[in-house]
file structure_24.txt (compact mmCIF, C-alpha atoms and all ligand atoms)
# COMPACT_ATOMS: atom_id res chain seq x y z
CA MET A 8 92.83 -192.91 -49.70
CA ILE A 9 95.11 -195.93 -49.26
CA ILE A 10 98.53 -194.97 -47.91
CA LYS A 11 101.41 -196.82 -49.56
CA ARG A 12 104.25 -197.73 -47.24
CA ALA A 13 107.85 -198.39 -48.23
CA ILE A 14 110.94 -199.20 -46.22
CA ILE A 15 114.30 -198.23 -47.67
CA ILE A 16 117.46 -199.58 -46.06
CA GLY A 17 120.48 -197.54 -47.11
CA ALA A 18 118.59 -194.25 -47.47
CA THR A 19 121.25 -192.10 -45.80
CA SER A 20 122.98 -191.21 -49.09
CA GLY A 21 123.24 -191.89 -52.80
CA ILE A 22 120.64 -193.82 -54.75
CA GLY A 23 118.57 -194.89 -51.72
CA GLU A 24 118.22 -191.30 -50.53
CA GLU A 25 117.14 -190.10 -53.98
CA VAL A 26 114.53 -192.86 -54.30
CA ALA A 27 113.26 -191.93 -50.83
CA LYS A 28 112.79 -188.30 -51.92
CA LEU A 29 110.85 -189.33 -55.04
CA LEU A 30 108.55 -191.67 -53.12
CA LEU A 31 107.83 -188.85 -50.66
CA GLN A 32 106.84 -186.58 -53.54
CA GLN A 33 104.42 -189.29 -54.67
CA GLY A 34 102.79 -189.36 -51.23
CA TRP A 35 104.31 -192.59 -49.92
CA HIS A 36 104.94 -193.00 -46.22
CA ILE A 37 108.46 -194.30 -45.79
CA GLY A 38 110.61 -195.90 -43.15
CA ILE A 39 114.29 -195.19 -43.68
CA ALA A 40 117.33 -196.91 -42.21
CA GLY A 41 121.12 -196.86 -42.28
CA ARG A 42 124.00 -196.48 -39.83
CA ARG A 43 124.27 -192.66 -39.95
CA ALA A 44 121.59 -191.42 -37.54
CA GLU A 45 122.18 -187.72 -38.37
CA ALA A 46 121.46 -188.33 -42.06
CA LEU A 47 118.25 -190.16 -41.14
CA THR A 48 116.97 -187.36 -38.92
CA ALA A 49 117.95 -184.72 -41.49
CA LEU A 50 115.82 -186.42 -44.14
CA GLN A 51 113.02 -186.97 -41.64
CA ALA A 52 112.96 -183.23 -40.90
CA SER A 53 112.02 -182.61 -44.56
CA ALA A 54 108.69 -184.48 -44.18
CA PRO A 55 108.14 -185.47 -40.52
CA ASN A 56 104.58 -186.71 -41.11
CA GLN A 57 105.66 -189.11 -43.82
CA ILE A 58 108.92 -190.50 -42.46
CA GLU A 59 109.88 -192.93 -39.70
CA VAL A 60 113.54 -193.65 -39.00
CA GLN A 61 115.57 -196.48 -37.56
CA ARG A 62 119.32 -196.60 -37.13
CA MET A 63 120.43 -199.96 -38.46
CA ASP A 64 123.60 -201.83 -39.36
CA ILE A 65 122.73 -204.75 -41.60
CA THR A 66 125.92 -206.59 -40.62
CA GLU A 67 124.59 -206.93 -37.09
CA GLU A 68 122.41 -209.76 -35.90
CA ASP A 69 119.73 -207.53 -34.41
CA ALA A 70 119.01 -205.79 -37.74
CA PRO A 71 115.91 -207.93 -38.49
CA ALA A 72 114.45 -207.01 -35.08
CA GLN A 73 115.06 -203.36 -35.96
CA LEU A 74 113.38 -203.83 -39.32
CA HIS A 75 110.32 -205.19 -37.51
CA GLN A 76 110.36 -202.17 -35.18
CA LEU A 77 110.48 -199.85 -38.18
CA ILE A 78 107.61 -201.69 -39.87
CA GLU A 79 105.60 -201.28 -36.69
CA LYS A 80 106.34 -197.54 -36.47
CA LEU A 81 105.31 -197.15 -40.11
CA GLY A 82 102.12 -199.16 -39.63
CA GLY A 83 103.04 -201.84 -42.20
CA MET A 84 105.17 -202.35 -45.29
CA ASP A 85 104.12 -202.80 -48.93
CA LEU A 86 107.51 -202.25 -50.55
CA PHE A 87 110.93 -203.21 -49.23
CA LEU A 88 113.95 -201.67 -50.96
CA LEU A 89 117.48 -202.67 -49.99
CA SER A 90 119.98 -200.10 -51.23
CA SER A 91 122.69 -200.75 -48.61
CA GLY A 92 125.94 -201.91 -50.12
CA ILE A 93 129.66 -201.29 -50.14
CA GLY A 94 132.28 -201.71 -52.83
CA PHE A 95 136.01 -201.30 -53.32
CA GLN A 96 138.61 -201.81 -55.96
CA ASN A 97 141.03 -204.35 -54.51
CA ARG A 98 143.80 -205.19 -56.97
CA HIS A 99 146.08 -206.30 -54.12
CA LEU A 100 143.38 -208.70 -52.96
CA THR A 101 143.56 -207.59 -49.34
CA PRO A 102 141.46 -210.22 -47.53
CA GLU A 103 139.95 -207.75 -45.02
CA ILE A 104 138.43 -205.73 -47.88
CA GLU A 105 137.01 -208.83 -49.55
CA LEU A 106 135.53 -210.14 -46.32
CA LYS A 107 134.10 -206.77 -45.28
CA THR A 108 132.37 -206.52 -48.66
CA ALA A 109 130.92 -210.01 -48.27
CA ARG A 110 129.68 -209.23 -44.75
CA THR A 111 127.57 -206.33 -46.04
CA ASN A 112 126.66 -207.43 -49.58
CA VAL A 113 126.10 -211.11 -48.83
CA GLU A 114 125.54 -211.69 -45.11
CA GLY A 115 123.69 -208.40 -44.50
CA PHE A 116 121.80 -208.83 -47.76
CA ILE A 117 120.55 -212.32 -46.83
CA ARG A 118 119.66 -211.12 -43.33
CA MET A 119 117.48 -208.27 -44.56
CA VAL A 120 115.97 -209.80 -47.71
CA SER A 121 114.98 -213.01 -45.93
CA CYS A 122 113.39 -210.96 -43.16
CA ALA A 123 111.34 -208.95 -45.69
CA PHE A 124 110.38 -212.14 -47.57
CA ASN A 125 109.12 -213.80 -44.41
CA TYR A 126 107.16 -210.67 -43.46
CA PHE A 127 105.46 -210.58 -46.87
CA LYS A 128 104.88 -214.33 -46.73
CA LYS A 129 102.79 -213.85 -43.58
CA LYS A 130 101.00 -210.89 -45.16
CA LYS A 131 100.51 -212.84 -48.40
CA TYR A 132 101.46 -209.79 -50.45
CA GLY A 133 104.45 -207.51 -51.00
CA HIS A 134 107.24 -206.22 -53.19
CA VAL A 135 110.93 -206.92 -52.54
CA ALA A 136 113.37 -204.72 -54.46
CA VAL A 137 117.15 -204.63 -54.26
CA ILE A 138 119.85 -202.51 -55.84
CA SER A 139 122.48 -204.92 -57.11
CA SER A 140 124.61 -203.79 -60.07
CA ILE A 141 125.68 -204.54 -63.61
CA ALA A 142 128.95 -205.56 -61.90
CA GLY A 143 127.39 -208.97 -61.27
CA THR A 144 127.44 -209.74 -65.00
CA LYS A 145 131.02 -211.07 -65.00
CA GLY A 146 133.92 -211.34 -62.55
CA LEU A 147 135.81 -208.02 -62.46
CA GLY A 148 139.54 -208.38 -61.76
CA ALA A 149 139.76 -204.92 -60.20
CA ALA A 150 136.94 -205.60 -57.71
CA PRO A 151 136.59 -209.36 -57.12
CA ALA A 152 134.40 -209.34 -54.00
CA TYR A 153 132.21 -206.51 -55.28
CA SER A 154 131.41 -208.21 -58.59
CA ALA A 155 131.00 -211.64 -56.99
CA THR A 156 128.71 -210.38 -54.23
CA LYS A 157 126.56 -208.56 -56.79
CA ARG A 158 126.24 -211.79 -58.78
CA PHE A 159 125.24 -213.50 -55.55
CA GLN A 160 122.48 -210.90 -55.08
CA ASN A 161 121.16 -211.49 -58.62
CA THR A 162 121.03 -215.25 -58.05
CA TYR A 163 119.49 -214.93 -54.59
CA ILE A 164 116.59 -212.88 -55.94
CA ASP A 165 116.11 -215.37 -58.81
CA ALA A 166 115.88 -218.11 -56.19
CA LEU A 167 113.38 -216.25 -54.00
CA ALA A 168 111.21 -215.45 -57.02
CA GLN A 169 111.01 -219.19 -57.71
CA LEU A 170 110.45 -220.04 -54.04
CA SER A 171 107.64 -217.50 -53.88
CA ARG A 172 105.86 -219.13 -56.83
CA MET A 173 106.38 -222.62 -55.39
CA GLN A 174 104.67 -221.44 -52.23
CA HIS A 175 101.92 -219.57 -54.13
CA LEU A 176 102.85 -216.24 -52.54
CA ASN A 177 101.88 -212.95 -54.07
CA ILE A 178 105.32 -211.35 -53.76
CA TYR A 179 106.90 -209.27 -56.53
CA PHE A 180 110.66 -208.99 -56.98
CA THR A 181 112.68 -206.25 -58.66
CA ASP A 182 116.43 -206.59 -59.17
CA ILE A 183 117.79 -203.13 -60.03
CA ARG A 184 121.15 -203.13 -61.84
CA PRO A 185 122.60 -199.68 -62.42
CA GLY A 186 125.84 -198.83 -64.22
CA PHE A 187 128.20 -196.23 -62.71
CA VAL A 188 126.43 -193.64 -60.54
CA ALA A 189 128.11 -190.57 -59.01
CA THR A 190 127.73 -191.41 -55.31
CA ASP A 191 130.00 -191.87 -52.28
CA LEU A 192 130.45 -195.51 -53.28
CA LEU A 193 132.73 -194.53 -56.17
CA LYS A 194 135.74 -193.08 -54.40
CA ASN A 195 136.79 -191.09 -57.46
CA LYS A 196 134.31 -189.97 -60.06
CA LYS A 197 136.41 -190.72 -63.13
CA TYR A 198 134.20 -193.43 -64.52
CA PRO A 199 132.79 -193.69 -68.06
CA MET A 200 129.07 -193.13 -68.68
CA LEU A 201 128.64 -191.80 -65.13
CA MET A 202 124.99 -191.15 -64.16
CA GLN A 203 123.55 -188.85 -61.51
CA ALA A 204 121.78 -190.49 -58.56
CA ASN A 205 118.61 -188.39 -58.93
CA VAL A 206 118.26 -189.48 -62.58
CA VAL A 207 118.84 -193.14 -61.69
CA ALA A 208 116.23 -192.82 -58.94
CA LYS A 209 113.60 -191.80 -61.53
CA TYR A 210 114.27 -194.98 -63.54
CA ILE A 211 114.03 -197.00 -60.34
CA VAL A 212 110.69 -195.54 -59.27
CA LYS A 213 109.26 -196.19 -62.74
CA ALA A 214 110.50 -199.80 -62.63
CA LEU A 215 108.97 -200.26 -59.17
CA GLU A 216 105.62 -198.88 -60.34
CA ARG A 217 105.66 -201.36 -63.23
CA LYS A 218 106.85 -204.13 -60.92
CA LYS A 219 109.62 -204.97 -63.37
CA ARG A 220 111.51 -208.12 -62.47
CA VAL A 221 114.98 -206.99 -63.62
CA VAL A 222 116.00 -203.52 -64.69
CA VAL A 223 119.37 -202.40 -66.06
CA ILE A 224 119.89 -198.62 -65.84
CA ASP A 225 120.26 -196.95 -68.26
CA GLY A 226 119.74 -197.85 -71.97
CA ARG A 227 123.46 -197.47 -72.72
CA TYR A 228 124.28 -199.98 -70.02
CA ARG A 229 121.59 -202.34 -71.34
CA ILE A 230 123.48 -202.45 -74.64
CA LEU A 231 126.81 -202.83 -72.86
CA VAL A 232 125.56 -205.71 -70.72
CA PHE A 233 124.04 -207.41 -73.78
CA PHE A 234 127.45 -207.58 -75.48
CA TRP A 235 129.32 -208.10 -72.23
CA ARG A 236 127.42 -211.37 -71.65
CA MET A 237 128.46 -212.67 -75.06
CA VAL A 238 132.20 -212.33 -74.41
CA PRO A 239 133.56 -215.89 -74.09
CA ARG A 240 135.51 -216.77 -70.95
CA TRP A 241 138.85 -217.23 -72.75
CA LEU A 242 138.59 -213.69 -74.08
CA TRP A 243 137.14 -212.13 -70.91
CA GLU A 244 140.06 -213.38 -68.83
CA ARG A 245 142.50 -211.65 -71.20
CA LEU A 246 140.76 -208.26 -71.15
CA PRO A 247 142.43 -205.58 -68.99
CA ILE A 248 139.23 -204.05 -67.52
CA LYS A 249 140.39 -201.13 -65.39
CA ASN A 250 137.21 -200.06 -63.52
N1 LIG B 1 127.39 -195.91 -57.29
C1 LIG B 1 127.43 -196.82 -58.25
O1 LIG B 1 128.14 -196.67 -59.27
C2 LIG B 1 126.57 -198.07 -58.15
C3 LIG B 1 126.38 -198.82 -59.31
C4 LIG B 1 125.62 -199.99 -59.24
C5 LIG B 1 125.06 -200.37 -58.04
N2 LIG B 1 125.26 -199.61 -56.91
C6 LIG B 1 124.69 -200.09 -55.66
O2 LIG B 1 123.76 -199.14 -55.19
C7 LIG B 1 123.61 -199.30 -53.77
C8 LIG B 1 123.66 -197.92 -53.12
O3 LIG B 1 124.96 -197.38 -53.28
P1 LIG B 1 125.21 -195.85 -53.62
O4 LIG B 1 125.90 -195.82 -54.92
O5 LIG B 1 123.98 -195.07 -53.44
O6 LIG B 1 126.34 -195.49 -52.54
P2 LIG B 1 126.26 -194.78 -51.13
O7 LIG B 1 125.87 -193.36 -51.27
O8 LIG B 1 127.57 -195.10 -50.49
O9 LIG B 1 125.08 -195.54 -50.36
C9 LIG B 1 125.27 -196.74 -49.71
C10 LIG B 1 124.20 -196.87 -48.65
O10 LIG B 1 124.41 -198.15 -48.01
C11 LIG B 1 124.30 -197.95 -46.62
N3 LIG B 1 125.07 -198.96 -45.91
C12 LIG B 1 126.34 -199.35 -46.13
N4 LIG B 1 126.71 -200.26 -45.21
C13 LIG B 1 125.62 -200.46 -44.41
C14 LIG B 1 125.37 -201.27 -43.29
N5 LIG B 1 126.31 -202.08 -42.77
N6 LIG B 1 124.15 -201.23 -42.71
C15 LIG B 1 123.20 -200.42 -43.20
N7 LIG B 1 123.37 -199.63 -44.26
C16 LIG B 1 124.57 -199.64 -44.87
C17 LIG B 1 124.85 -196.55 -46.40
O11 LIG B 1 124.34 -196.02 -45.19
P3 LIG B 1 125.20 -195.80 -43.85
O12 LIG B 1 126.61 -195.51 -44.26
O13 LIG B 1 124.50 -194.67 -43.18
O14 LIG B 1 125.05 -197.08 -43.11
C18 LIG B 1 124.27 -195.81 -47.60
O15 LIG B 1 122.99 -195.34 -47.30
C19 LIG B 1 124.74 -200.24 -53.33
O16 LIG B 1 124.23 -201.52 -53.11
C20 LIG B 1 125.67 -200.25 -54.52
O17 LIG B 1 126.40 -201.45 -54.63
C21 LIG B 1 126.00 -198.46 -56.94

call {"tool": "encode", "arguments": {"input": "structure_24.txt", "output": "structure tokens"}}
result
Amino acid sequence: MIIKRAIIIGATSGIGEEVAKLLLQQGWHIGIAGRRAEALTALQASAPNQIEVQRMDITEEDAPAQLHQLIEKLGGMDLFLLSSGIGFQNRHLTPEIELKTARTNVEGFIRMVSCAFNYFKKKKYGHVAVISSIAGTKGLGAAPAYSATKRFQNTYIDALAQLSRMQHLNIYFTDIRPGFVATDLLKNKKYPMLMQANVVAKYIVKALERKKRVVVIDGRYRILVFFWRMVPRWLWERLPIKN
């Protein structure tokens, strides 16, 4: 039997942790990473034969070296999933919050996704998946850096998908864009159409199996995003979007 191997960065809580649990149930061997070592070892204890762990902060320069170490421990990587991300509402536009968000969602994102791309390029096969957000659809006044960094992620994956074809690489890309999910990322849980992380994880695993290029979760958000895109700029800038 061929063992499938996935690495999930940002598996210490929320959506990444739930996807990790589902992949385990399906028999995958997984390498999990994040900053909270206790959360990594707690998940590892649930299936020690299937899980390798690596403490990792994607804002640090040595994170790619740690990813390579984790790949080695796991014995290879077929699927790379980046779930790490931070987000804040920042109506006062505090620069530290904006910059901190960019360091994780842009700098850390580039660091890890480019490392995975180059690994798969050498292997001539692989699947890069990232959890961005529907927040990248338009600039959100309440969370400027969050929405802008998510748009960056969408565009970056578009670019790598093209680069991969230009270089005749057999790499698949999946850009996962959920709506509101009840995780630690949302500081209060008073959001409309809030989804549970374990339910979102099921959609994600299905999309990964089908190697979907872009997936908006769930159907209600697909409709929302469809209309959202059609709002002209002059009107969008006058809308008081609270969340
Ligand atoms: N919740 C939502 O409504 C929602 C909606 C759309 C998209 N998303 C996206 O989904 C992804 C997962 O978020 P979540 O909702 O599951 O929230 P979460 O529970 O807060 O998970 C965030 C994960 O990112 C990791 N992380 C954060 N900074 C990191 C760093 N510097 N280095 C390594 N790992 C880091 C965290 O691990 P450590 O703290 O252990 O490092 C944690 O595992 C994010 O990219 C988020 O933007 C969330």

call {"tool": "closest_atom_pairs", "arguments": {"input": "structure_24.txt", "of": "chain A", "to": "ligand LIG 1 (chain B)", "cutoff": "6 Å", "atoms": "all atoms listed in the file", "output": "tab-separated table"}}
result
residue	atom	partner	partner_atom	distance
A:Gly17	CA	B:LIG1	O15	3.3
A:Ala18	CA	B:LIG1	O15	4.5
A:Thr19	CA	B:LIG1	O15	4.0
A:Ser20	CA	B:LIG1	O7	4.2
A:Gly21	CA	B:LIG1	O5	3.3
A:Ile22	CA	B:LIG1	O5	3.8
A:Gly23	CA	B:LIG1	O5	5.7
A:Gly41	CA	B:LIG1	O14	4.0
A:Arg42	CA	B:LIG1	O14	3.5
A:Arg43	CA	B:LIG1	O13	3.8
A:Met63	CA	B:LIG1	C15	5.5
A:Asp64	CA	B:LIG1	N6	3.4
A:Ile65	CA	B:LIG1	N6	4.0
A:Thr66	CA	B:LIG1	N5	5.0
A:Ser90	CA	B:LIG1	C7	4.5
A:Ser91	CA	B:LIG1	O10	3.2
A:Gly92	CA	B:LIG1	O16	3.5
A:Ile93	CA	B:LIG1	O17	5.6
A:Thr111	CA	B:LIG1	N5	5.5
A:Ile138	CA	B:LIG1	O2	5.2
A:Ser139	CA	B:LIG1	C5	5.3
A:Ser140	CA	B:LIG1	C5	4.0
A:Pro185	CA	B:LIG1	C4	4.4
A:Gly186	CA	B:LIG1	C3	4.9
A:Phe187	CA	B:LIG1	O1	3.5
A:Val188	CA	B:LIG1	O1	3.7
A:Ala189	CA	B:LIG1	N1	5.7
A:Thr190	CA	B:LIG1	O4	4.8
A:Asp191	CA	B:LIG1	O8	4.4
A:Leu192	CA	B:LIG1	O8	4.0
A:Leu193	CA	B:LIG1	N1	5.6

call {"tool": "residues_near_point", "arguments": {"input": "structure_24.txt", "point": "(117.0, -189.1, -54.2)", "cutoff": "10 Å", "atoms": "only C-alpha atoms", "output": "list in words"}}
result
Ala18, Thr19, Ser20, Gly21, Ile22, Gly23, Glu24, Glu25, Val26, Ala27, Lys28, Leu29, Leu30, Leu31, Gln203, Ala204, Asn205, Val206, Val207, Ala208 and Lys209 of chain A

call {"tool": "write_last_selection", "arguments": {"input": "structure_24.txt", "atoms": "C-alpha atoms", "output": "short mmCIF file (atom, residue, chain, number, x, y, z; two decimals), in the coordinates of the input"}}
result
data_model
loop_
_atom_site.label_atom_id
_atom_site.label_comp_id
_atom_site.auth_asym_id
_atom_site.auth_seq_id
_atom_site.Cartn_x
_atom_site.Cartn_y
_atom_site.Cartn_z
CA ALA A 18 118.59 -194.25 -47.47
CA THR A 19 121.25 -192.10 -45.80
CA SER A 20 122.98 -191.21 -49.09
CA GLY A 21 123.24 -191.89 -52.80
CA ILE A 22 120.64 -193.82 -54.75
CA GLY A 23 118.57 -194.89 -51.72
CA GLU A 24 118.22 -191.30 -50.53
CA GLU A 25 117.14 -190.10 -53.98
CA VAL A 26 114.53 -192.86 -54.30
CA ALA A 27 113.26 -191.93 -50.83
CA LYS A 28 112.79 -188.30 -51.92
CA LEU A 29 110.85 -189.33 -55.04
CA LEU A 30 108.55 -191.67 -53.12
CA LEU A 31 107.83 -188.85 -50.66
CA GLN A 203 123.55 -188.85 -61.51
CA ALA A 204 121.78 -190.49 -58.56
CA ASN A 205 118.61 -188.39 -58.93
CA VAL A 206 118.26 -189.48 -62.58
CA VAL A 207 118.84 -193.14 -61.69
CA ALA A 208 116.23 -192.82 -58.94
CA LYS A 209 113.60 -191.80 -61.53
#

call {"tool": "closest_residue", "arguments": {"input": "structure_24.txt", "among": "A:Leu74, A:Leu88, A:Val113, A:Leu170", "to": "His134 in chain A", "atoms": "all atoms listed in the file"}}
result
A:Leu88

call {"tool": "atom_distance", "arguments": {"input": "structure_24.txt", "atom1": "CA of Ser171 in chain A", "atom2": "CA of Arg217 in chain A"}}
result
18.8 Å

call {"tool": "closest_residue", "arguments": {"input": "structure_24.txt", "among": "A:Asn161, A:Ile39, A:Ala136, A:Arg172", "to": "Ile211 in chain A", "atoms": "only C-alpha atoms"}}
result
A:Ala136

call {"tool": "closest_residue", "arguments": {"input": "structure_24.txt", "among": "A:Tyr132, A:Tyr153, A:Phe87, A:Phe180", "to": "Thr108 in chain A", "atoms": "all atoms listed in the file"}}
result
A:Tyr153

call {"tool": "closest_residue", "arguments": {"input": "structure_24.txt", "among": "A:Leu246, A:Ile178, A:Ala166, A:Ala109", "to": "Gly133 in chain A", "atoms": "only C-alpha atoms"}}
result
A:Ile178

call {"tool": "closest_residue", "arguments": {"input": "structure_24.txt", "among": "A:Pro239, A:Gly148, A:Gly143, A:Pro199", "to": "Asn97 in chain A", "atoms": "only C-alpha atoms"}}
result
A:Gly148

call {"tool": "atom_distance", "arguments": {"input": "structure_24.txt", "atom1": "CA of Leu231 in chain A", "atom2": "CA of Phe159 in chain A"}}
result
20.4 Å

call {"tool": "closest_residue", "arguments": {"input": "structure_24.txt", "among": "A:Gly94, A:Gly146, A:Pro247, A:Gly34", "to": "Lys11 in chain A", "atoms": "all atoms listed in the file"}}
result
A:Gly34

call {"tool": "atom_distance", "arguments": {"input": "structure_24.txt", "atom1": "CA of Arg184 in chain A", "atom2": "CA of Val221 in chain A"}}
result
7.5 Å

call {"tool": "residues_around", "arguments": {"input": "structure_24.txt", "residues": "Gln96 in chain A", "least_positions_apart": "6", "cutoff": "12 Å", "atoms": "only C-alpha atoms", "output": "ChimeraX atom specification"}}
result
/A:104-105,108,142,147-154,192-195,248-250

call {"tool": "write_last_selection", "arguments": {"input": "structure_24.txt", "atoms": "C-alpha atoms", "output": "compact mmCIF listing (two decimals), in the frame of the given file"}}
result
# COMPACT_ATOMS: atom_id res chain seq x y z
CA ILE A 104 138.43 -205.73 -47.88
CA GLU A 105 137.01 -208.83 -49.55
CA THR A 108 132.37 -206.52 -48.66
CA ALA A 142 128.95 -205.56 -61.90
CA LEU A 147 135.81 -208.02 -62.46
CA GLY A 148 139.54 -208.38 -61.76
CA ALA A 149 139.76 -204.92 -60.20
CA ALA A 150 136.94 -205.60 -57.71
CA PRO A 151 136.59 -209.36 -57.12
CA ALA A 152 134.40 -209.34 -54.00
CA TYR A 153 132.21 -206.51 -55.28
CA SER A 154 131.41 -208.21 -58.59
CA LEU A 192 130.45 -195.51 -53.28
CA LEU A 193 132.73 -194.53 -56.17
CA LYS A 194 135.74 -193.08 -54.40
CA ASN A 195 136.79 -191.09 -57.46
CA ILE A 248 139.23 -204.05 -67.52
CA LYS A 249 140.39 -201.13 -65.39
CA ASN A 250 137.21 -200.06 -63.52

call {"tool": "build_atoms", "arguments": {"input": "structure_24.txt", "residues": "range 190-208 of chain A", "atoms": "N, CA and C atoms", "output": "short mmCIF file (atom, residue, chain, number, x, y, z; two decimals), keeping the file's coordinate frame"}}
result
data_model
loop_
_atom_site.label_atom_id
_atom_site.label_comp_id
_atom_site.auth_asym_id
_atom_site.auth_seq_id
_atom_site.Cartn_x
_atom_site.Cartn_y
_atom_site.Cartn_z
N THR A 190 128.08 -191.42 -56.74
CA THR A 190 127.73 -191.41 -55.31
C THR A 190 129.00 -191.63 -54.49
N ASP A 191 128.84 -191.65 -53.17
CA ASP A 191 130.00 -191.87 -52.28
C ASP A 191 130.67 -193.22 -52.54
N LEU A 192 129.91 -194.17 -53.07
CA LEU A 192 130.45 -195.51 -53.28
C LEU A 192 131.65 -195.51 -54.24
N LEU A 193 131.59 -194.65 -55.25
CA LEU A 193 132.73 -194.53 -56.17
C LEU A 193 133.68 -193.51 -55.57
N LYS A 194 134.83 -193.98 -55.14
CA LYS A 194 135.74 -193.08 -54.40
C LYS A 194 136.23 -191.94 -55.29
N ASN A 195 136.56 -192.22 -56.55
CA ASN A 195 136.79 -191.09 -57.46
C ASN A 195 135.71 -191.15 -58.54
N LYS A 196 135.46 -190.03 -59.15
CA LYS A 196 134.31 -189.97 -60.06
C LYS A 196 134.74 -190.07 -61.53
N LYS A 197 135.92 -190.64 -61.74
CA LYS A 197 136.41 -190.72 -63.13
C LYS A 197 135.98 -192.04 -63.77
N TYR A 198 134.70 -192.21 -63.92
CA TYR A 198 134.20 -193.43 -64.52
C TYR A 198 133.48 -193.07 -65.82
N PRO A 199 133.51 -193.98 -66.81
CA PRO A 199 132.79 -193.69 -68.06
C PRO A 199 131.28 -193.79 -67.86
N MET A 200 130.55 -193.10 -68.67
CA MET A 200 129.07 -193.13 -68.68
C MET A 200 128.48 -192.96 -67.27
N LEU A 201 129.07 -192.02 -66.51
CA LEU A 201 128.64 -191.80 -65.13
C LEU A 201 127.24 -191.15 -65.10
N MET A 202 126.36 -191.70 -64.27
CA MET A 202 124.99 -191.15 -64.16
C MET A 202 124.82 -190.44 -62.82
N GLN A 203 123.86 -189.54 -62.76
CA GLN A 203 123.55 -188.85 -61.51
C GLN A 203 122.51 -189.65 -60.72
N ALA A 204 122.65 -189.65 -59.40
CA ALA A 204 121.78 -190.49 -58.56
C ALA A 204 120.30 -190.10 -58.69
N ASN A 205 120.03 -188.79 -58.84
CA ASN A 205 118.61 -188.39 -58.93
C ASN A 205 117.97 -188.88 -60.23
N VAL A 206 118.78 -188.99 -61.29
CA VAL A 206 118.26 -189.48 -62.58
C VAL A 206 118.02 -191.00 -62.47
N VAL A 207 118.97 -191.69 -61.88
CA VAL A 207 118.84 -193.14 -61.69
C VAL A 207 117.60 -193.45 -60.84
N ALA A 208 117.38 -192.61 -59.82
CA ALA A 208 116.23 -192.82 -58.94
C ALA A 208 114.91 -192.76 -59.71
#
